[in-house]
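Notes for the one structure printed next.
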Amino acid sequence: MPVGVIEIGGIPVLLRVEDCALKAAIDKRYAAYLTPNPSTEPIELTVTIAPNGGFCQSELPRAKWLNGRWLFECLDFNAEWFPESGRGWIRQERAVHRSLDSVLRVLHSLLLVPEGGCLLHAASAVRNGRAFVFTGVSGAGKTTLSRLAPPDVVLLTDEVSYIRPVHGVYTAFGTPFVGIGMTGENISAPLQALYLLVQGPENRIEPLSRQQAVSVLMRNTPLYAKDRKLAEGLLETACQIAACVPAYRLIFTPTPDVWDMIG
Amino acid sequence: MSMYIAKSRAIAARALDGEMVVMSIADSMLFTLNEVATEIWLAADGLTPLSQIVEDKVCVKFETGPEAAYADAEELCRQLAEHGILVVSDQPIESAR
C-alpha cells in the first residue's frame, strides 16, 4: 500500500495510498523527492479519495490546532495530523497532486517553525554552490527570473522556497512546489542572499535594512493558522534570517543580463 | 475622560533595533512602530492611563508638550486598535494583567 516516502528539506513523509490514479500522479509530481531511504523516521499519512467529501468552502488552505492535532482544510481536501504520533490522514476530492501539494505545504510550514525555518513565496536557485532567494508579490517576476536563468544556475523552485538552518547555517532546499513546466532540483545550498523583486527600467541592487528584510520575509511567509505560537515562531525566524542573511531590493528588467548581478 | 490601552493577545511582537515589529494574527498584517509608538506600546499594560504614559514616557524622552503628544498618541492608539493589535478602553483593562 505505501506509495513511498517524499522527503523535502530533509523531512520525510510516508504516504499510504490505495488509489492507482493518485499513485501515478504522485510518482510523476514528486519523482525527484521520492526516496527509499529516508533520513529519519517519516511522518505517515494515509490518503483516500472522497468525491463527495463535504469539504469546506475556503479556497485557501487553512489549519487549526484542536485537542492535540492539527486540522487542515480547503475546498478540495481535509486532513488531520497528530504531531505526537507523527501520523495523520488526508481525504481529498480527486486523485490529483494539487490537494496533496497543499497538504504538504501546510504540514512543512508547521514542521519548520520549531526548526527555525520557513516556507517563503519565492523562487530560489543555486549558483557556484550558494543559494539565492527571490521573493515578491504575485507578478513581481519570480517565474520570469527563473526562466531567464543561465545554464550554470540550478533552480530550486519558482514558487515556494524552503529555508531552514543546517548546522547553524540557513540553507535553501529544492522543493517540488513549482509552476507548470518548471522543475525544482532536489539539492540544497547555504543561503547567500535574499532579494525582493521589483520590475523596473534598469537592473539595480539596493540593500535592505534589517527591519525591511523582516517585513519582506513576514509578508511572503504563508501563515496557514491563526495561531499565536506559530506567528511568534515565524517572526523570530524572520528576525534570525534577517540578522544572518543580507537582503536586497533587486530592481530588474526581464532580460537575461539581470543574472550578471547575482552570484 | 481617560484612555487605557493594552496589547492585544492576537499578535506576535518582537523588538528589533530598538523598535517593535508587531504582527496581527487575524490578517497577518505587519507593523513597525517608531520610537514613540514603541514607548507607548511597551507601556500599554491596560492599567496606566494613556495620559500618564505620554507624560512619563513620551514628553520626557522626546521633549514634546503634553497636549500635542497626547493628541498624537490618542490617534495612534485608535489606529492600532482598528488593526486589532491594541485594545482601547475608557476604563482600566483588568484582563491585560
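Naming scheme: A, B, ... for chains in displayed order of the C-alpha cells; residues 1 onward per chain; ligands 1 onward as shown.
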
Distance filter 7 Å, only C-alpha atoms, chain B against chain A, as a count of residues only: 7

Backbone-only DSSP, strand (DSSP E) members of segment 120-188 of chain A, as a PyMOL selection string: chain A and resi 120-127+130-135+154-157+160-166+169-173+188

Write a file of the just-selected residues containing C-alpha atoms, as an mmCIF file, in the first residue's frame.
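Contents of the output file result13.cif:
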```cif
data_model
loop_
_atom_site.group_PDB
_atom_site.id
_atom_site.type_symbol
_atom_site.label_atom_id
_atom_site.label_comp_id
_atom_site.auth_asym_id
_atom_site.auth_seq_id
_atom_site.Cartn_x
_atom_site.Cartn_y
_atom_site.Cartn_z
ATOM 1 C CA LEU A 120 8.540 31.526 1.544
ATOM 2 C CA HIS A 121 6.599 32.617 -1.544
ATOM 3 C CA ALA A 122 9.786 32.898 -3.533
ATOM 4 C CA ALA A 123 11.880 31.465 -6.297
ATOM 5 C CA SER A 124 15.286 30.151 -5.336
ATOM 6 C CA ALA A 125 18.343 28.964 -7.171
ATOM 7 C CA VAL A 126 21.881 27.737 -6.623
ATOM 8 C CA ARG A 127 24.896 29.247 -8.320
ATOM 9 C CA ARG A 130 25.419 29.166 -2.902
ATOM 10 C CA ALA A 131 21.673 29.702 -2.783
ATOM 11 C CA PHE A 132 19.778 32.871 -3.680
ATOM 12 C CA VAL A 133 16.132 33.518 -2.866
ATOM 13 C CA PHE A 134 13.911 35.875 -4.869
ATOM 14 C CA THR A 135 10.653 36.928 -3.302
ATOM 15 C CA VAL A 154 20.239 25.301 -10.778
ATOM 16 C CA LEU A 155 16.644 26.166 -9.903
ATOM 17 C CA LEU A 156 15.293 25.019 -6.552
ATOM 18 C CA THR A 157 11.778 26.341 -7.148
ATOM 19 C CA VAL A 160 7.734 28.173 -2.767
ATOM 20 C CA SER A 161 11.190 28.298 -1.234
ATOM 21 C CA TYR A 162 12.208 26.128 1.665
ATOM 22 C CA ILE A 163 14.624 27.581 4.223
ATOM 23 C CA ARG A 164 15.923 26.123 7.449
ATOM 24 C CA PRO A 165 19.157 26.163 9.391
ATOM 25 C CA VAL A 166 21.569 23.258 8.938
ATOM 26 C CA VAL A 169 23.689 27.983 8.579
ATOM 27 C CA TYR A 170 20.489 28.997 6.811
ATOM 28 C CA THR A 171 20.100 26.661 3.888
ATOM 29 C CA ALA A 172 17.719 26.692 0.924
ATOM 30 C CA PHE A 173 16.324 23.366 -0.283
ATOM 31 C CA SER A 188 20.382 22.332 -1.062
#
```

Contacts of Tyr33 of chain A within 9 Å, only C-alpha atoms, excl. fewer than 3 positions in-chain, as a VMD selection string: chain A and resid 5 to 8 29 to 30 175 to 176 185 to 186

Within 8 Å of segment 55-58 of chain B using only C-alpha atoms, minus same-chain residues under 4 positions, as an NGL selection string: :B and (36 or 39-40 or 51 or 62-64 or 66 or 69)

All alpha helix (DSSP H) residues (DSSP, backbone) inside segment 13-56 of chain B, as an NGL selection string: :B and (35-42 or 50-53)

B:Arg14, B:Ile93, B:Glu19, B:Leu33 ranked by distance to Gln79 of chain B, top pick (using only C-alpha atoms):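 So, comparing all the options, the nearest one is B:Leu33.
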
Spatial neighbours of Ala21 of chain A, 10 Å, only C-alpha atoms, chain gap at least 5 places, as a ChimeraX atom specification: /A:26-27,94-97

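With only C-alpha atoms as the atoms that count, the minimum distance from Asp19 of chain A to the choices A:Trp65, A:Glu84, A:Arg91, A:Gly181 is reached by A:Arg91.
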